[in-house]
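Trainee: Contents are PDB, N, CA and C atoms; file name coords09.pdb:
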```
ATOM      1  N   GLY A   1     113.058  96.842  97.283
ATOM      2  CA  GLY A   1     113.813  95.929  96.481
ATOM      3  C   GLY A   1     113.765  94.526  97.045
ATOM      4  N   GLY A   2     114.252  93.572  96.315
ATOM      5  CA  GLY A   2     114.178  92.174  96.702
ATOM      6  C   GLY A   2     114.941  91.831  97.965
ATOM      7  N   ALA A   3     116.179  92.310  98.109
ATOM      8  CA  ALA A   3     116.989  91.952  99.270
ATOM      9  C   ALA A   3     116.415  92.544 100.554
ATOM     10  N   VAL A   4     116.007  93.793 100.505
ATOM     11  CA  VAL A   4     115.446  94.445 101.700
ATOM     12  C   VAL A   4     114.123  93.787 102.074
ATOM     13  N   GLU A   5     113.289  93.533 101.069
ATOM     14  CA  GLU A   5     112.001  92.887 101.324
ATOM     15  C   GLU A   5     112.189  91.503 101.937
ATOM     16  N   THR A   6     113.144  90.741 101.428
ATOM     17  CA  THR A   6     113.424  89.408 101.966
ATOM     18  C   THR A   6     113.906  89.483 103.412
ATOM     19  N   LEU A   7     114.801  90.419 103.687
ATOM     20  CA  LEU A   7     115.318  90.592 105.046
ATOM     21  C   LEU A   7     114.204  90.969 106.021
ATOM     22  N   LEU A   8     113.370  91.927 105.634
ATOM     23  CA  LEU A   8     112.271  92.344 106.515
ATOM     24  C   LEU A   8     111.255  91.227 106.726
ATOM     25  N   THR A   9     110.944  90.491 105.659
ATOM     26  CA  THR A   9     110.006  89.374 105.780
ATOM     27  C   THR A   9     110.547  88.329 106.749
ATOM     28  N   HIS A  10     111.840  88.027 106.641
ATOM     29  CA  HIS A  10     112.456  87.064 107.559
ATOM     30  C   HIS A  10     112.408  87.579 108.997
ATOM     31  N   LEU A  11     112.733  88.850 109.203
ATOM     32  CA  LEU A  11     112.693  89.441 110.541
ATOM     33  C   LEU A  11     111.282  89.380 111.128
ATOM     34  N   ILE A  12     110.293  89.723 110.332
ATOM     35  CA  ILE A  12     108.907  89.694 110.808
ATOM     36  C   ILE A  12     108.502  88.275 111.192
ATOM     37  N   ARG A  13     108.786  87.301 110.334
ATOM     38  CA  ARG A  13     108.402  85.901 110.620
ATOM     39  C   ARG A  13     109.100  85.371 111.872
ATOM     40  N   GLU A  14     110.383  85.667 112.001
ATOM     41  CA  GLU A  14     111.123  85.202 113.182
ATOM     42  C   GLU A  14     110.593  85.875 114.440
ATOM     43  N   ASN A  15     110.276  87.153 114.353
ATOM     44  CA  ASN A  15     109.749  87.860 115.518
ATOM     45  C   ASN A  15     108.358  87.359 115.887
ATOM     46  N   GLU A  16     107.575  86.944 114.918
ATOM     47  CA  GLU A  16     106.264  86.371 115.221
ATOM     48  C   GLU A  16     106.423  85.066 116.000
ATOM     49  N   ARG A  17     107.498  84.330 115.737
ATOM     50  CA  ARG A  17     107.758  83.095 116.493
ATOM     51  C   ARG A  17     108.231  83.406 117.914
ATOM     52  N   GLN A  18     109.168  84.359 118.030
ATOM     53  CA  GLN A  18     109.794  84.629 119.327
ATOM     54  C   GLN A  18     109.093  85.723 120.119
ATOM     55  N   GLY A  19     108.497  86.684 119.466
ATOM     56  CA  GLY A  19     107.769  87.749 120.135
ATOM     57  C   GLY A  19     108.610  88.678 120.990
ATOM     58  N   LYS A  20     109.860  88.917 120.600
ATOM     59  CA  LYS A  20     110.744  89.751 121.409
ATOM     60  C   LYS A  20     110.664  91.237 121.056
ATOM     61  N   LEU A  21     110.132  91.575 119.882
ATOM     62  CA  LEU A  21     110.085  92.964 119.437
ATOM     63  C   LEU A  21     108.654  93.363 119.085
ATOM     64  N   GLU A  22     108.380  94.645 119.169
ATOM     65  CA  GLU A  22     107.165  95.211 118.603
ATOM     66  C   GLU A  22     107.622  96.001 117.387
ATOM     67  N   LEU A  23     107.331  95.500 116.208
ATOM     68  CA  LEU A  23     107.810  96.122 114.986
ATOM     69  C   LEU A  23     106.740  97.014 114.362
ATOM     70  N   LEU A  24     107.188  98.069 113.722
ATOM     71  CA  LEU A  24     106.324  98.955 112.948
ATOM     72  C   LEU A  24     106.941  99.047 111.562
ATOM     73  N   CYS A  25     106.222  98.576 110.555
ATOM     74  CA  CYS A  25     106.730  98.554 109.183
ATOM     75  C   CYS A  25     105.829  99.396 108.299
ATOM     76  N   ALA A  26     106.423 100.091 107.348
ATOM     77  CA  ALA A  26     105.680 100.909 106.400
ATOM     78  C   ALA A  26     105.839 100.330 105.003
ATOM     79  N   SER A  27     104.767 100.451 104.224
ATOM     80  CA  SER A  27     104.766  99.948 102.858
ATOM     81  C   SER A  27     103.844 100.810 102.025
ATOM     82  N   VAL A  28     104.045 100.764 100.724
ATOM     83  CA  VAL A  28     103.063 101.375  99.840
ATOM     84  C   VAL A  28     101.841 100.458  99.842
ATOM     85  N   PRO A  29     100.650 100.984  99.557
ATOM     86  CA  PRO A  29      99.459 100.131  99.543
ATOM     87  C   PRO A  29      99.617  98.974  98.545
ATOM     88  N   ASP A  30      99.363  97.770  99.039
ATOM     89  CA  ASP A  30      99.519  96.573  98.221
ATOM     90  C   ASP A  30      98.621  95.484  98.794
ATOM     91  N   ASP A  31      97.741  94.929  97.967
ATOM     92  CA  ASP A  31      96.793  93.926  98.455
ATOM     93  C   ASP A  31      97.486  92.671  98.983
ATOM     94  N   ALA A  32      98.530  92.220  98.303
ATOM     95  CA  ALA A  32      99.249  91.017  98.762
ATOM     96  C   ALA A  32      99.902  91.271 100.118
ATOM     97  N   ALA A  33     100.458  92.461 100.318
ATOM     98  CA  ALA A  33     101.088  92.788 101.604
ATOM     99  C   ALA A  33     100.036  92.863 102.706
ATOM    100  N   ARG A  34      98.876  93.425 102.393
ATOM    101  CA  ARG A  34      97.797  93.483 103.394
ATOM    102  C   ARG A  34      97.369  92.080 103.814
ATOM    103  N   ARG A  35      97.222  91.194 102.843
ATOM    104  CA  ARG A  35      96.818  89.816 103.179
ATOM    105  C   ARG A  35      97.897  89.123 104.012
ATOM    106  N   ALA A  36      99.166  89.339 103.650
ATOM    107  CA  ALA A  36     100.269  88.708 104.383
ATOM    108  C   ALA A  36     100.362  89.242 105.807
ATOM    109  N   ALA A  37      99.941  90.487 106.039
ATOM    110  CA  ALA A  37     100.051  91.104 107.364
ATOM    111  C   ALA A  37      98.891  90.746 108.284
ATOM    112  N   GLU A  38      97.836  90.157 107.739
ATOM    113  CA  GLU A  38      96.696  89.791 108.577
ATOM    114  C   GLU A  38      97.118  88.772 109.631
ATOM    115  N   GLY A  39      96.735  89.022 110.849
ATOM    116  CA  GLY A  39      97.014  88.083 111.929
ATOM    117  C   GLY A  39      98.360  88.248 112.607
ATOM    118  N   LEU A  40      99.170  89.211 112.183
ATOM    119  CA  LEU A  40     100.446  89.429 112.853
ATOM    120  C   LEU A  40     100.192  90.002 114.240
ATOM    121  N   LYS A  41     100.844  89.443 115.233
ATOM    122  CA  LYS A  41     100.629  89.875 116.618
ATOM    123  C   LYS A  41     101.664  90.881 117.094
ATOM    124  N   HIS A  42     102.865  90.806 116.562
ATOM    125  CA  HIS A  42     103.968  91.640 117.057
ATOM    126  C   HIS A  42     104.443  92.674 116.036
ATOM    127  N   THR A  43     103.705  92.808 114.937
ATOM    128  CA  THR A  43     104.084  93.742 113.884
ATOM    129  C   THR A  43     102.873  94.566 113.474
ATOM    130  N   LYS A  44     103.045  95.858 113.475
ATOM    131  CA  LYS A  44     102.021  96.785 112.985
ATOM    132  C   LYS A  44     102.455  97.245 111.605
ATOM    133  N   MET A  45     101.534  97.245 110.666
ATOM    134  CA  MET A  45     101.833  97.684 109.304
ATOM    135  C   MET A  45     101.153  99.014 109.032
ATOM    136  N   LEU A  46     101.880  99.920 108.409
ATOM    137  CA  LEU A  46     101.348 101.189 107.923
ATOM    138  C   LEU A  46     101.420 101.158 106.407
ATOM    139  N   PHE A  47     100.307 101.407 105.756
ATOM    140  CA  PHE A  47     100.286 101.470 104.300
ATOM    141  C   PHE A  47     100.125 102.928 103.915
ATOM    142  N   ILE A  48     101.173 103.486 103.337
ATOM    143  CA  ILE A  48     101.235 104.914 103.048
ATOM    144  C   ILE A  48     101.315 105.108 101.531
ATOM    145  N   ALA A  49     100.350 105.838 100.992
ATOM    146  CA  ALA A  49     100.340 106.103  99.550
ATOM    147  C   ALA A  49     101.467 107.065  99.192
ATOM    148  N   ARG A  50     102.043 106.863  98.022
ATOM    149  CA  ARG A  50     103.087 107.759  97.517
ATOM    150  C   ARG A  50     102.430 109.098  97.194
ATOM    151  N   PRO A  51     102.981 110.188  97.671
ATOM    152  CA  PRO A  51     102.355 111.492  97.433
ATOM    153  C   PRO A  51     102.348 111.866  95.949
ATOM    154  N   HIS A  52     101.318 112.588  95.525
ATOM    155  CA  HIS A  52     101.227 113.051  94.145
ATOM    156  C   HIS A  52     102.325 114.073  93.877
ATOM    157  N   GLY A  53     102.871 114.048  92.700
ATOM    158  CA  GLY A  53     103.886 115.018  92.319
ATOM    159  C   GLY A  53     105.246 114.775  92.924
ATOM    160  N   HIS A  54     105.475 113.593  93.495
ATOM    161  CA  HIS A  54     106.762 113.353  94.155
ATOM    162  C   HIS A  54     107.930 113.390  93.175
ATOM    163  N   ARG A  55     107.702 113.091  91.910
ATOM    164  CA  ARG A  55     108.813 113.080  90.949
ATOM    165  C   ARG A  55     109.327 114.484  90.664
ATOM    166  N   ARG A  56     108.543 115.506  90.992
ATOM    167  CA  ARG A  56     109.002 116.870  90.801
ATOM    168  C   ARG A  56     109.954 117.302  91.905
ATOM    169  N   TYR A  57     110.043 116.551  92.976
ATOM    170  CA  TYR A  57     110.928 116.878  94.078
ATOM    171  C   TYR A  57     112.321 116.338  93.752
ATOM    172  N   TRP A  58     113.276 117.223  93.453
ATOM    173  CA  TRP A  58     114.541 116.794  92.876
ATOM    174  C   TRP A  58     115.361 115.820  93.712
ATOM    175  N   PRO A  59     115.409 115.908  95.056
ATOM    176  CA  PRO A  59     116.193 114.882  95.772
ATOM    177  C   PRO A  59     115.623 113.475  95.568
ATOM    178  N   MET A  60     114.284 113.364  95.511
ATOM    179  CA  MET A  60     113.677 112.051  95.283
ATOM    180  C   MET A  60     114.027 111.561  93.876
ATOM    181  N   VAL A  61     114.000 112.457  92.901
ATOM    182  CA  VAL A  61     114.352 112.085  91.537
ATOM    183  C   VAL A  61     115.799 111.602  91.487
ATOM    184  N   PHE A  62     116.699 112.305  92.171
ATOM    185  CA  PHE A  62     118.111 111.914  92.205
ATOM    186  C   PHE A  62     118.266 110.502  92.782
ATOM    187  N   VAL A  63     117.624 110.246  93.920
ATOM    188  CA  VAL A  63     117.722 108.928  94.560
ATOM    189  C   VAL A  63     117.148 107.862  93.640
ATOM    190  N   GLU A  64     115.991 108.131  93.042
ATOM    191  CA  GLU A  64     115.382 107.143  92.157
ATOM    192  C   GLU A  64     116.263 106.877  90.934
ATOM    193  N   ARG A  65     116.908 107.898  90.396
ATOM    194  CA  ARG A  65     117.812 107.686  89.257
ATOM    195  C   ARG A  65     118.999 106.837  89.671
ATOM    196  N   CYS A  66     119.524 107.062  90.859
ATOM    197  CA  CYS A  66     120.644 106.253  91.338
ATOM    198  C   CYS A  66     120.241 104.796  91.503
ATOM    199  N   LEU A  67     118.983 104.560  91.895
ATOM    200  CA  LEU A  67     118.489 103.202  92.080
ATOM    201  C   LEU A  67     117.953 102.594  90.798
ATOM    202  N   GLY A  68     117.898 103.408  89.723
ATOM    203  CA  GLY A  68     117.435 102.906  88.435
ATOM    204  C   GLY A  68     115.938 102.760  88.314
ATOM    205  N   ILE A  69     115.170 103.513  89.112
ATOM    206  CA  ILE A  69     113.719 103.378  89.052
ATOM    207  C   ILE A  69     113.018 104.650  88.600
ATOM    208  N   ALA A  70     113.757 105.675  88.242
ATOM    209  CA  ALA A  70     113.139 106.947  87.864
ATOM    210  C   ALA A  70     112.647 106.893  86.430
ATOM    211  N   ALA A  71     111.572 107.610  86.195
ATOM    212  CA  ALA A  71     111.071 107.756  84.822
ATOM    213  C   ALA A  71     112.002 108.711  84.080
ATOM    214  N   PRO A  72     112.051 108.624  82.757
ATOM    215  CA  PRO A  72     112.930 109.533  81.993
ATOM    216  C   PRO A  72     112.508 110.987  82.147
TER     217      PRO A  72
END
```
Could you spell out this file's structure in structure tokens?

Mentor:
Amino acid sequence: GGAVETLLTHLIRENERQGKLELLCASVPDDAARRAAEGLKHTKMLFIARPHGHRRYWPMVFVERCLGIAAP
């Protein structure tokens, strides 16, 4: 979501300036995110594809419905 993404982006940028943490961040595969992550020294990015059939797993469906992102 927007707020979490903004917070993480700010944390990553600030840490790149100060270099106090070694961060590990995960994201779904995204070309813009890959380009933005190029050259980061203190942050490792993992791009993890969403597993097939995840919508059939009921706890994930419940969470997605609560967040308003589930398919009907």

Trainee: Figure out the distance between CA of Thr43 (chain A) and atom N of Leu24 (chain A), please, to one decimal in Å.

Mentor: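 That distance, rounded to one decimal, is 5.3 Å.
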
Trainee: Any idea what the distance is between CA of Asn15 (chain A) and atom C of His42 (chain A)?

Mentor: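 Calculated distance between CA of Asn15 (chain A) and atom C of His42 (chain A) is 7.2 Å.
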
Trainee: Measure the distance from CA of Glu38 (chain A) to atom C of His52 (chain A) in Å and round it to one decimal.

Mentor: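 Separating CA of Glu38 (chain A) from atom C of His52 (chain A) is a distance of 28.9 Å.
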
Trainee: Which of these residues is nearest to Met45 (chain A), using all atoms listed in the file: A:Asp31, A:Arg13, A:Cys25, A:Leu8?

Mentor: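 Using all atoms listed in the file, the shortest distance to Met45 (chain A) belongs to A:Cys25.
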
Trainee: Have a look at A:Gly19, A:Gly68, A:Pro29, A:Gly2 and name the one nearest to Leu46 (chain A); count all atoms listed in the file.

Mentor: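 For Leu46 (chain A), the nearest of the candidates is A:Pro29.
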
Trainee: Per DSSP on the backbone, what are the helix (DSSP H, G or I) residues of region 1-46 of chain A, as a ChimeraX atom specification?

Mentor: /A:2-18,31-37

Trainee: Please list as a list in words every residue within 9 Å of Lys44 (chain A), counting only C-alpha atoms and excluding residues in the same chain fewer than 3 positions away.

Mentor: Glu22, Leu23, Leu24, Cys25, Ala26, Ala37, Leu40 and Lys41 of chain A

Trainee: Any chance you could work out the axis-aligned box around region 31-39 of chain A, listed atoms only, 4 Å on each side, giving centre and edge lengths in Å to one decimal, as AutoDock Vina command-line options?

Mentor:
```
--center_x 98.9 --center_y 91.5 --center_z 105.3 --size_x 12.4 --size_y 14.8 --size_z 22.6
```

Trainee: Which residue gives the smallest distance to Phe47 (chain A) among A:Arg35, A:Arg65, A:Lys20, A:Asp30, with only N, CA and C atoms counted?

Mentor: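 Nearest to Phe47 (chain A): A:Asp30.
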